[in-house]
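The next block is entry_2.txt, given as compact mmCIF, C-alpha atoms.
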```txt
# COMPACT_ATOMS: atom_id res chain seq x y z
CA MET S 127 -4.86 13.46 -38.54
CA ASN S 128 -2.52 16.44 -38.80
CA ALA S 129 0.14 16.44 -36.09
CA GLY S 130 -0.62 20.06 -35.33
CA ARG S 131 -4.22 19.17 -34.43
CA ARG S 132 -3.41 16.01 -32.50
CA PRO S 133 -4.24 16.47 -28.79
CA ALA S 134 -1.12 16.62 -26.66
CA ALA S 135 -2.87 14.51 -24.02
CA LEU S 136 -3.40 11.68 -26.53
CA VAL S 137 0.22 11.69 -27.67
CA TYR S 138 1.45 11.77 -24.08
CA ALA S 139 -0.96 9.03 -22.93
CA VAL S 140 0.19 6.61 -25.63
CA ALA S 141 3.86 7.47 -25.05
CA VAL S 142 3.47 6.84 -21.31
CA THR S 143 1.73 3.55 -22.08
CA ALA S 144 4.80 2.59 -24.10
CA TYR S 145 6.99 3.38 -21.08
CA LEU S 146 4.67 1.47 -18.73
CA THR S 147 5.01 -1.55 -21.01
CA ALA S 148 8.79 -1.16 -21.05
CA VAL S 149 8.85 -1.20 -17.23
CA PHE S 150 6.73 -4.36 -17.35
CA HIS S 151 9.20 -6.03 -19.70
CA ARG S 152 12.15 -4.80 -17.61
CA SER S 153 10.77 -6.03 -14.29
CA SER S 154 9.34 -9.32 -15.58
CA LEU S 155 12.54 -11.08 -14.55
CA GLY S 156 12.42 -9.78 -10.96
CA VAL S 157 9.47 -11.90 -9.80
CA THR S 158 10.41 -14.87 -11.98
CA GLY S 159 14.03 -15.08 -10.79
CA VAL S 160 13.49 -18.15 -8.61
CA ASP S 161 11.63 -19.91 -11.44
CA ALA S 162 14.36 -18.87 -13.90
CA ALA S 163 17.05 -20.35 -11.65
CA GLU S 164 15.14 -23.65 -11.61
CA ARG S 165 14.36 -23.60 -15.35
CA PHE S 166 17.97 -22.97 -16.40
CA HIS S 167 19.61 -24.83 -13.46
CA ILE S 168 21.82 -21.89 -12.42
CA ASN S 169 23.11 -20.35 -9.18
CA ALA S 170 22.70 -16.79 -7.88
CA ALA S 171 25.73 -15.36 -9.69
CA ALA S 172 24.61 -16.86 -13.00
CA LEU S 173 21.07 -15.56 -12.47
CA ALA S 174 22.55 -12.11 -11.92
CA THR S 175 24.01 -12.22 -15.42
CA PHE S 176 20.47 -12.12 -16.83
CA SER S 177 19.73 -8.79 -15.19
CA VAL S 178 23.26 -7.52 -15.71
CA ALA S 179 23.07 -8.24 -19.44
CA GLN S 180 19.76 -6.40 -19.63
CA LEU S 181 20.87 -3.40 -17.57
CA ALA S 182 24.37 -3.22 -19.07
CA VAL S 183 22.91 -2.83 -22.54
CA TYR S 184 20.43 -0.29 -21.17
CA ALA S 185 23.17 1.79 -19.55
CA ALA S 186 25.64 1.48 -22.44
CA MET S 187 22.98 2.62 -24.91
CA GLN S 188 21.85 5.73 -23.04
CA VAL S 189 24.30 8.17 -24.62
CA PRO S 190 24.03 6.67 -28.14
CA VAL S 191 20.24 6.65 -27.79
CA GLY S 192 20.31 10.28 -26.65
CA VAL S 193 22.26 11.16 -29.78
CA LEU S 194 19.85 9.16 -31.97
CA LEU S 195 16.93 10.80 -30.22
CA ASP S 196 18.14 14.31 -31.01
CA ARG S 197 18.66 13.21 -34.60
CA TYR S 198 15.61 11.03 -35.38
CA GLY S 199 12.97 11.92 -32.79
CA SER S 200 10.89 10.04 -30.26
CA ARG S 201 8.42 8.23 -32.49
CA ARG S 202 11.00 6.20 -34.40
CA LEU S 203 12.85 5.23 -31.24
CA LEU S 204 9.66 4.21 -29.42
CA LEU S 205 8.72 1.98 -32.36
CA ALA S 206 12.18 0.43 -32.62
CA GLY S 207 12.38 -0.09 -28.88
CA GLY S 208 8.96 -1.70 -28.72
CA VAL S 209 9.80 -4.15 -31.50
CA LEU S 210 13.07 -5.14 -29.80
CA MET S 211 11.36 -5.79 -26.47
CA VAL S 212 8.69 -7.93 -28.12
CA ALA S 213 11.44 -9.95 -29.82
CA GLY S 214 13.22 -10.34 -26.48
CA GLN S 215 10.13 -11.64 -24.68
CA LEU S 216 9.38 -14.06 -27.54
CA LEU S 217 12.91 -15.46 -27.30
CA PHE S 218 12.72 -15.64 -23.48
CA ALA S 219 9.46 -17.58 -23.76
CA VAL S 220 11.07 -20.38 -25.75
CA ALA S 221 14.67 -20.19 -24.47
CA GLY S 222 15.94 -23.53 -23.24
CA ASP S 223 19.49 -22.62 -22.28
CA VAL S 224 21.41 -19.77 -20.67
CA PRO S 225 22.89 -18.19 -23.84
CA ALA S 226 19.44 -17.86 -25.42
CA ALA S 227 17.99 -16.44 -22.21
CA VAL S 228 20.79 -13.87 -21.91
CA ALA S 229 20.31 -12.88 -25.55
CA ALA S 230 16.61 -12.38 -24.82
CA ARG S 231 17.33 -10.05 -21.89
CA VAL S 232 19.82 -8.13 -24.05
CA LEU S 233 17.05 -7.45 -26.57
CA VAL S 234 14.75 -6.31 -23.78
CA GLY S 235 17.43 -3.99 -22.40
CA LEU S 236 18.15 -2.55 -25.84
CA GLY S 237 14.51 -1.74 -26.48
CA ASP S 238 13.99 -0.45 -22.95
CA ALA S 239 16.92 1.94 -23.41
CA MET S 240 15.06 3.74 -26.18
CA THR S 241 11.81 4.30 -24.34
CA PHE S 242 11.97 6.54 -21.26
CA ILE S 243 14.08 9.35 -22.66
CA SER S 244 11.95 9.33 -25.81
CA VAL S 245 8.89 10.03 -23.65
CA LEU S 246 10.72 12.84 -21.83
CA ARG S 247 11.52 14.47 -25.16
CA ILE S 248 7.84 14.32 -26.10
CA VAL S 249 7.06 16.12 -22.84
CA ALA S 250 9.63 18.81 -23.66
CA PHE S 251 8.16 19.47 -27.14
CA TRP S 252 4.44 19.08 -26.47
CA PHE S 253 4.04 20.90 -23.12
CA PRO S 254 5.12 24.26 -21.64
CA GLY S 255 8.22 24.28 -19.45
CA ARG S 256 6.37 25.09 -16.24
CA ARG S 257 4.55 21.75 -16.47
CA ASN S 258 7.68 19.68 -17.10
CA PRO S 259 8.61 18.76 -13.49
CA LEU S 260 5.13 17.39 -12.82
CA LEU S 261 4.93 15.53 -16.12
CA VAL S 262 8.40 14.01 -15.72
CA GLN S 263 7.40 12.69 -12.29
CA LEU S 264 4.04 11.58 -13.65
CA THR S 265 5.81 9.68 -16.42
CA GLY S 266 8.03 7.82 -13.97
CA THR S 267 5.13 7.23 -11.60
CA VAL S 268 2.61 5.95 -14.12
CA GLY S 269 5.32 3.80 -15.66
CA GLN S 270 5.54 1.91 -12.38
CA PHE S 271 2.15 0.37 -13.11
CA GLY S 272 4.21 -1.79 -15.43
CA ALA S 273 5.95 -3.19 -12.37
CA VAL S 274 2.52 -4.00 -10.91
CA LEU S 275 1.72 -6.00 -14.05
CA GLY S 276 5.12 -7.63 -13.70
CA ALA S 277 4.43 -8.70 -10.12
CA VAL S 278 1.28 -10.52 -8.98
CA PRO S 279 -0.45 -11.00 -12.39
CA LEU S 280 2.70 -12.36 -14.03
CA VAL S 281 3.46 -14.65 -11.07
CA LEU S 282 -0.08 -16.03 -11.13
CA LEU S 283 0.04 -16.55 -14.90
CA LEU S 284 3.47 -18.18 -14.66
CA HIS S 285 2.40 -20.64 -11.97
CA ARG S 286 -0.93 -21.50 -13.61
CA ALA S 287 -0.09 -21.51 -17.32
CA GLY S 288 3.65 -22.11 -17.33
CA TRP S 289 6.77 -20.31 -18.49
CA THR S 290 6.19 -20.13 -22.24
CA PRO S 291 2.52 -18.97 -22.17
CA ALA S 292 3.39 -16.29 -19.57
CA PHE S 293 6.12 -14.70 -21.66
CA LEU S 294 4.19 -15.10 -24.92
CA THR S 295 1.44 -13.07 -23.26
CA ALA S 296 4.03 -10.44 -22.34
CA ALA S 297 5.15 -10.28 -25.97
CA ALA S 298 1.55 -9.91 -27.17
CA LEU S 299 1.03 -6.99 -24.79
CA GLY S 300 4.14 -5.31 -26.16
CA ALA S 301 3.06 -5.79 -29.77
CA THR S 302 -0.29 -4.13 -29.06
CA VAL S 303 1.44 -1.07 -27.63
CA VAL S 304 3.75 -0.82 -30.66
CA LEU S 305 0.66 -0.51 -32.86
CA LEU S 306 -0.72 2.25 -30.63
CA VAL S 307 2.55 4.21 -30.92
CA LEU S 308 2.51 3.81 -34.70
CA VAL S 309 -0.97 5.32 -34.92
CA ALA S 310 -0.95 8.05 -32.27
CA VAL S 311 2.55 9.38 -31.48
CA ARG S 312 4.24 12.28 -33.28
CA ASP S 313 7.50 14.03 -32.37
CA THR S 314 6.19 17.58 -32.36
CA PRO S 315 2.79 19.32 -32.44
CA HIS S 316 3.91 21.25 -35.53
CA ALA S 317 4.13 19.05 -38.60
CA GLU S 318 6.07 21.67 -40.51
CA HIS S 319 8.86 21.48 -37.89
CA ALA S 320 9.30 17.72 -38.13
CA THR S 321 12.09 17.91 -40.68
CA ALA S 322 13.97 20.39 -38.49
CA LEU S 323 14.41 17.76 -35.77
CA ALA S 324 17.27 15.92 -37.50
CA PRO S 325 20.53 17.85 -37.07
CA ASP S 326 23.67 16.53 -38.73
CA LEU S 327 26.01 14.26 -36.80
CA ALA S 328 28.61 16.99 -36.20
CA THR S 329 25.94 19.13 -34.54
CA VAL S 330 24.73 16.21 -32.44
CA ARG S 331 28.28 15.45 -31.28
CA ARG S 332 28.73 19.08 -30.32
CA GLN S 333 25.45 18.99 -28.39
CA LEU S 334 26.60 15.89 -26.55
CA ALA S 335 29.91 17.52 -25.60
CA ASP S 336 28.11 20.68 -24.47
CA ALA S 337 25.69 18.64 -22.35
CA TRP S 338 28.56 16.80 -20.66
CA ALA S 339 30.47 20.04 -20.04
CA GLN S 340 27.49 21.43 -18.12
CA PRO S 341 27.95 20.68 -14.38
CA GLY S 342 24.18 20.51 -14.01
CA THR S 343 24.10 17.49 -16.32
CA ARG S 344 26.66 15.66 -14.19
CA LEU S 345 24.77 16.68 -11.07
CA GLY S 346 21.77 14.97 -12.64
CA LEU S 347 23.82 11.87 -13.43
CA TRP S 348 25.04 11.45 -9.85
CA THR S 349 21.60 12.27 -8.47
CA HIS S 350 20.22 9.43 -10.56
CA PHE S 351 23.11 7.21 -9.43
CA VAL S 352 22.66 7.70 -5.69
CA THR S 353 18.86 7.61 -5.51
CA GLN S 354 17.92 4.85 -7.94
CA PHE S 355 19.99 1.72 -7.44
CA SER S 356 18.69 0.38 -4.12
CA GLY S 357 15.02 0.38 -5.07
CA ALA S 358 15.74 -0.70 -8.63
CA VAL S 359 17.83 -3.73 -7.66
CA PHE S 360 15.28 -4.75 -5.03
CA ALA S 361 12.46 -4.60 -7.59
CA LEU S 362 14.34 -5.95 -10.59
CA LEU S 363 15.99 -9.03 -9.11
CA TRP S 364 17.12 -9.44 -5.51
CA GLY S 365 14.15 -8.20 -3.48
CA TYR S 366 11.99 -11.21 -4.30
CA PRO S 367 14.64 -13.85 -3.33
CA PHE S 368 15.50 -11.79 -0.23
CA LEU S 369 11.88 -11.86 0.92
CA VAL S 370 11.21 -15.51 -0.02
CA GLN S 371 14.50 -17.21 0.79
CA GLY S 372 15.88 -14.84 3.41
CA GLN S 373 12.77 -13.63 5.24
CA GLY S 374 10.47 -16.62 4.75
CA PHE S 375 7.71 -14.95 2.73
CA SER S 376 5.47 -16.97 0.43
CA PRO S 377 5.87 -16.19 -3.30
CA THR S 378 2.48 -14.44 -3.40
CA ALA S 379 3.25 -12.38 -0.28
CA ALA S 380 6.63 -11.34 -1.72
CA ALA S 381 4.98 -10.30 -5.00
CA GLY S 382 2.45 -8.37 -2.91
CA MET S 383 5.29 -6.46 -1.22
CA LEU S 384 6.68 -5.48 -4.62
CA THR S 385 3.20 -4.33 -5.61
CA LEU S 386 3.01 -2.24 -2.43
CA MET S 387 6.32 -0.70 -3.40
CA THR S 388 4.84 0.35 -6.73
CA VAL S 389 1.67 1.74 -5.18
CA VAL S 390 3.68 3.90 -2.76
CA THR S 391 5.76 5.12 -5.71
CA LEU S 392 2.56 6.32 -7.38
CA VAL S 393 1.75 8.43 -4.32
CA CYS S 394 5.26 9.80 -3.78
CA GLY S 395 5.91 10.92 -7.35
CA PRO S 396 3.56 13.95 -7.38
CA VAL S 397 4.76 15.00 -3.92
CA ILE S 398 8.40 15.11 -4.99
CA ALA S 399 7.43 16.87 -8.23
CA HIS S 400 5.64 19.54 -6.20
CA LEU S 401 8.65 20.03 -3.92
CA CYS S 402 11.01 20.38 -6.88
CA SER S 403 8.70 22.82 -8.64
CA ARG S 404 8.21 24.99 -5.55
CA HIS S 405 11.81 24.83 -4.31
CA PRO S 406 14.08 24.33 -7.37
CA PHE S 407 17.19 25.56 -5.54
CA HIS S 408 16.74 22.95 -2.80
CA ARG S 409 16.29 19.82 -4.92
CA SER S 410 19.58 18.43 -3.61
CA VAL S 411 18.17 18.54 -0.07
CA VAL S 412 15.48 16.10 -1.20
CA VAL S 413 18.15 13.91 -2.80
CA PHE S 414 20.23 13.75 0.37
CA ALA S 415 17.13 13.11 2.52
CA ILE S 416 16.05 10.16 0.35
CA THR S 417 19.57 8.71 0.33
CA ALA S 418 20.06 9.03 4.09
CA THR S 419 16.64 7.57 4.92
CA THR S 420 17.12 4.60 2.58
CA ALA S 421 20.56 3.83 4.01
CA GLY S 422 19.26 4.19 7.56
CA VAL S 423 16.33 1.80 7.17
CA TRP S 424 18.51 -0.75 5.39
CA ALA S 425 20.99 -0.54 8.29
CA VAL S 426 18.22 -1.43 10.76
CA VAL S 427 16.95 -4.31 8.61
CA LEU S 428 20.43 -5.78 8.12
CA ALA S 429 21.34 -5.41 11.80
CA TRP S 430 18.10 -6.95 13.08
CA PRO S 431 18.75 -10.27 14.92
CA GLY S 432 17.04 -13.04 12.97
CA ARG S 433 14.30 -12.37 10.45
CA ALA S 434 13.03 -8.80 10.48
CA PRO S 435 9.45 -8.20 11.64
CA HIS S 436 6.91 -7.59 8.91
CA TRP S 437 6.35 -3.96 9.93
CA LEU S 438 10.04 -3.23 9.42
CA LEU S 439 10.08 -4.87 5.99
CA VAL S 440 6.99 -2.87 5.04
CA ALA S 441 8.85 0.26 6.14
CA LEU S 442 11.81 -0.78 3.98
CA VAL S 443 9.57 -1.28 0.95
CA VAL S 444 7.91 2.10 1.52
CA VAL S 445 11.28 3.87 1.71
CA LEU S 446 12.58 2.04 -1.37
CA ALA S 447 9.46 3.16 -3.22
CA VAL S 448 10.65 6.76 -2.92
CA ASN S 449 13.89 5.92 -4.73
CA GLY S 450 12.29 5.92 -8.18
CA PRO S 451 10.64 9.36 -7.88
CA GLY S 452 13.82 10.65 -6.26
CA SER S 453 15.88 9.59 -9.25
CA MET S 454 13.58 11.66 -11.51
CA ILE S 455 15.15 14.76 -9.97
CA GLY S 456 18.21 13.96 -12.08
CA PHE S 457 16.18 14.47 -15.26
CA ASP S 458 14.85 17.74 -13.92
CA TYR S 459 18.45 18.91 -13.57
CA ALA S 460 19.10 17.87 -17.18
CA ARG S 461 16.09 19.89 -18.34
CA THR S 462 16.79 23.05 -16.35
CA PHE S 463 20.52 23.23 -17.16
CA ASN S 464 20.26 22.45 -20.90
CA PRO S 465 18.39 24.00 -23.84
CA VAL S 466 15.60 21.94 -25.39
CA HIS S 467 17.59 21.03 -28.52
CA ARG S 468 20.01 18.89 -26.48
CA ILE S 469 17.52 17.39 -24.03
CA GLY S 470 18.00 13.93 -25.56
CA SER S 471 21.78 13.98 -25.10
CA ALA S 472 21.61 15.38 -21.55
CA THR S 473 18.87 12.97 -20.49
CA GLY S 474 20.82 10.02 -21.91
CA ILE S 475 23.87 11.01 -19.87
CA VAL S 476 21.80 11.33 -16.68
CA ASN S 477 20.09 7.99 -17.21
CA VAL S 478 23.44 6.17 -17.24
CA GLY S 479 24.03 6.93 -13.56
CA GLY S 480 21.44 4.83 -11.78
CA PHE S 481 21.79 1.87 -14.10
CA VAL S 482 25.57 1.70 -13.76
CA ALA S 483 25.08 1.63 -10.00
CA SER S 484 22.35 -1.00 -10.35
CA ILE S 485 24.57 -3.22 -12.49
CA ALA S 486 27.38 -2.98 -9.95
CA LEU S 487 25.05 -3.87 -7.09
CA ILE S 488 23.33 -6.74 -8.91
CA LEU S 489 26.69 -8.33 -9.68
CA ALA S 490 28.03 -7.72 -6.19
CA VAL S 491 24.96 -9.20 -4.50
CA GLY S 492 25.12 -12.31 -6.70
CA VAL S 493 28.82 -12.88 -6.04
CA VAL S 494 28.55 -12.30 -2.28
CA LEU S 495 25.50 -14.58 -2.02
CA ASP S 496 27.41 -17.42 -3.65
CA LEU S 497 30.50 -16.82 -1.49
CA ALA S 498 28.47 -16.61 1.74
CA THR S 499 26.18 -19.59 1.06
CA PRO S 500 27.43 -22.81 2.68
CA ALA S 501 28.21 -25.67 0.32
CA GLY S 502 25.30 -28.00 -0.25
CA ARG S 503 22.56 -25.48 0.48
CA ASP S 504 19.97 -24.87 -2.23
CA ALA S 505 19.17 -21.31 -1.10
CA PRO S 506 21.26 -18.57 0.53
CA PRO S 507 20.74 -18.10 4.29
CA LEU S 508 19.68 -14.75 5.73
CA SER S 509 23.27 -14.04 6.81
CA ALA S 510 24.38 -14.23 3.16
CA PHE S 511 21.74 -11.67 2.17
CA ARG S 512 22.96 -9.38 4.98
CA TRP S 513 26.53 -9.38 3.68
CA ALA S 514 25.36 -8.97 0.10
CA PHE S 515 23.12 -5.97 0.68
CA ALA S 516 25.76 -4.27 2.85
CA VAL S 517 27.63 -3.49 -0.40
CA GLN S 518 25.10 -0.71 -0.96
CA PHE S 519 26.75 1.54 1.60
CA LEU S 520 29.85 1.93 -0.58
CA LEU S 521 27.71 3.12 -3.49
CA TRP S 522 25.76 5.56 -1.31
CA ALA S 523 28.99 7.11 -0.02
CA LEU S 524 30.40 7.56 -3.53
CA GLY S 525 27.16 8.95 -4.95
CA ALA S 526 26.51 11.41 -2.12
CA ALA S 527 30.05 12.80 -2.38
CA GLN S 528 29.65 13.36 -6.13
CA VAL S 529 26.24 14.99 -5.77
CA LEU S 530 27.75 17.45 -3.30
CA ARG S 531 30.68 18.11 -5.63
CA TYR S 532 28.62 18.83 -8.72
CA ARG S 533 25.93 20.73 -6.84
CA ASN S 534 28.62 23.21 -5.81
CA ALA S 535 30.04 23.31 -9.36
CA ALA S 536 26.60 23.91 -10.87
CA ARG S 537 25.90 26.71 -8.41
CA ARG S 538 29.22 28.36 -9.25
CA ARG S 539 28.48 28.11 -13.00
CA LEU S 540 25.02 29.62 -12.48
CA ALA S 541 26.44 32.46 -10.40
CA ASP S 542 29.06 33.19 -13.06
CA GLU S 543 26.43 33.23 -15.83
CA ARG S 544 24.23 35.60 -13.85
CA ALA S 545 27.17 37.89 -13.14
CA ALA S 546 28.11 37.92 -16.83
CA ALA S 547 24.53 38.70 -17.84
CA ALA S 548 24.46 41.65 -15.44
CA VAL S 549 27.50 43.30 -17.07
CA PRO S 550 26.54 45.84 -19.79
CA ALA S 551 27.31 44.70 -23.33
CA ALA S 552 29.74 47.59 -23.86
CA ALA S 553 31.83 46.68 -20.83
```
What's the structure tokens form of this structure?
Amino acid sequence: MNAGRRPAALVYAVAVTAYLTAVFHRSSLGVTGVDAAERFHINAAALATFSVAQLAVYAAMQVPVGVLLDRYGSRRLLLAGGVLMVAGQLLFAVAGDVPAAVAARVLVGLGDAMTFISVLRIVAFWFPGRRNPLLVQLTGTVGQFGAVLGAVPLVLLLHRAGWTPAFLTAAALGATVVLLVLVAVRDTPHAEHATALAPDLATVRRQLADAWAQPGTRLGLWTHFVTQFSGAVFALLWGYPFLVQGQGFSPTAAAGMLTLMTVVTLVCGPVIAHLCSRHPFHRSVVVFAITATTAGVWAVVLAWPGRAPHWLLVALVVVLAVNGPGSMIGFDYARTFNPVHRIGSATGIVNVGGFVASIALILAVGVVLDLATPAGRDAPPLSAFRWAFAVQFLLWALGAAQVLRYRNAARRRLADERAAAAVPAAA
């Protein structure tokens, strides 16, 4: 089939399926953390290294992947990323010691790093600009179905079939999606333009520098930083132990809460996309509202005497569900402040923000849990979880200050550009 005749909806649907599968691979550790700790005989800090290894590679690769994306296109990166994630899940299925397990999560993180921004570039090339905010949110929202697959179904499969069959099944799912990408995805709707999508390295480096110099790109980075980490860390690793060990939930009930979080995300995504599309000059208001609400609900949960009531924990999960769609606003900043030819570089820069914050929080929670857990106890008490999650407030303060700083800088740059454009050429 000629790329120019290939339906945009088909290309997008397969690309989003690839991202959904990447989210599944990424979050598969979150609901299996307790089982992983037992399998590898490790404590909370050591368990955190699994997620940190995965996310550190993801974050470190965002800028290089953005450069590769502008040079080689989405299709090649989606294929490479899919193969790496399959390899990671295969290794995780048979890993018998910590080094092998960490290596497996590194492979997953490396492949995951290539996926989301590749899909965003497909959106930029296959659809008109006015539809981008909705499609970016839709991409992030639909991708969260991967977290649903990584919650209850994976837990049930793990407990009924065992560790190795569960992760072999995950690898088989990933391999199927790689084949779909190979058949259906193309970088651009115009086959004759495909060769024009590989600028030389000097041009790509210049595009990367230009993207970083744009205050709107850094506004996107800090927006992603401040809105993403709390919900991401809860879903990826520490939410499940917090609910099971700290709040007394059963494993199935805790997985159900993570599924609820994903379902609410699916509802919130289009709403935030609509707000950003209708009120583009007030996107930062949405960012600050999400940040303040998340911090406020966490403050109530952590200050509650004893275990929090179920209604309050449901409220926490609902608020955390908005974090993911809120972080998508960062990519909308990258799109609106950068030309299409450097979307990959700008998006890669933005995507670093939330994952750097998530890495810092995952490590901090693991360390504080170990320090605050009395000697001889198999699981951290609720008080240890309270101290550990309190670290979030430092990250919120830093992120909010930087969003305010770069929002003002971006507005000044935009005002200067408009003033310059209004001056006659002969002046």
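Between CA of Val149 (chain S) and CA of Ser244 (chain S) there is a distance of 13.9 Å.
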Nearest to Tyr532 (chain S) by atom-to-atom distance, counting all atoms listed in the file, from S:Thr143, S:Ser154, S:Asn477, S:Thr349: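 With all atoms listed in the file as the atom set, the closest residue is S:Thr349.
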Non-local contacts of Gln270 (chain S) (9 Å; all atoms listed in the file; under 5 positions in same chain excluded) as a PyMOL selection string: chain S and resi 145-146+149-150+265+275+388-389+391-392+450
Near His400 (chain S), counting only C-alpha atoms, which residues have an atom at most 9 Å away, once you skip same-chain residues fewer than 5 positions from it, shown as a PDB file with C-alpha atoms, in the frame of the given file?
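Below is the file that was written, around29.pdb:
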```pdb
ATOM      1  CA  PRO S 259       8.610  18.760 -13.490  1.00  0.00           C
ATOM      2  CA  LEU S 260       5.130  17.390 -12.820  1.00  0.00           C
ATOM      3  CA  GLY S 395       5.910  10.920  -7.350  1.00  0.00           C
ATOM      4  CA  HIS S 405      11.810  24.830  -4.310  1.00  0.00           C
TER       5      HIS S 405
END
```
Separation of CA of Leu204 (chain S) from CA of Arg332 (chain S), in Å and rounded to one decimal: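 Those two atoms sit 24.2 Å apart.
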Residues within 12 Å of Ser403 (chain S), all atoms listed in the file, excluding chain neighbours under 2 positions, as a PyMOL selection string: chain S and resi 255-263+396-401+405-409+455+458-459+462
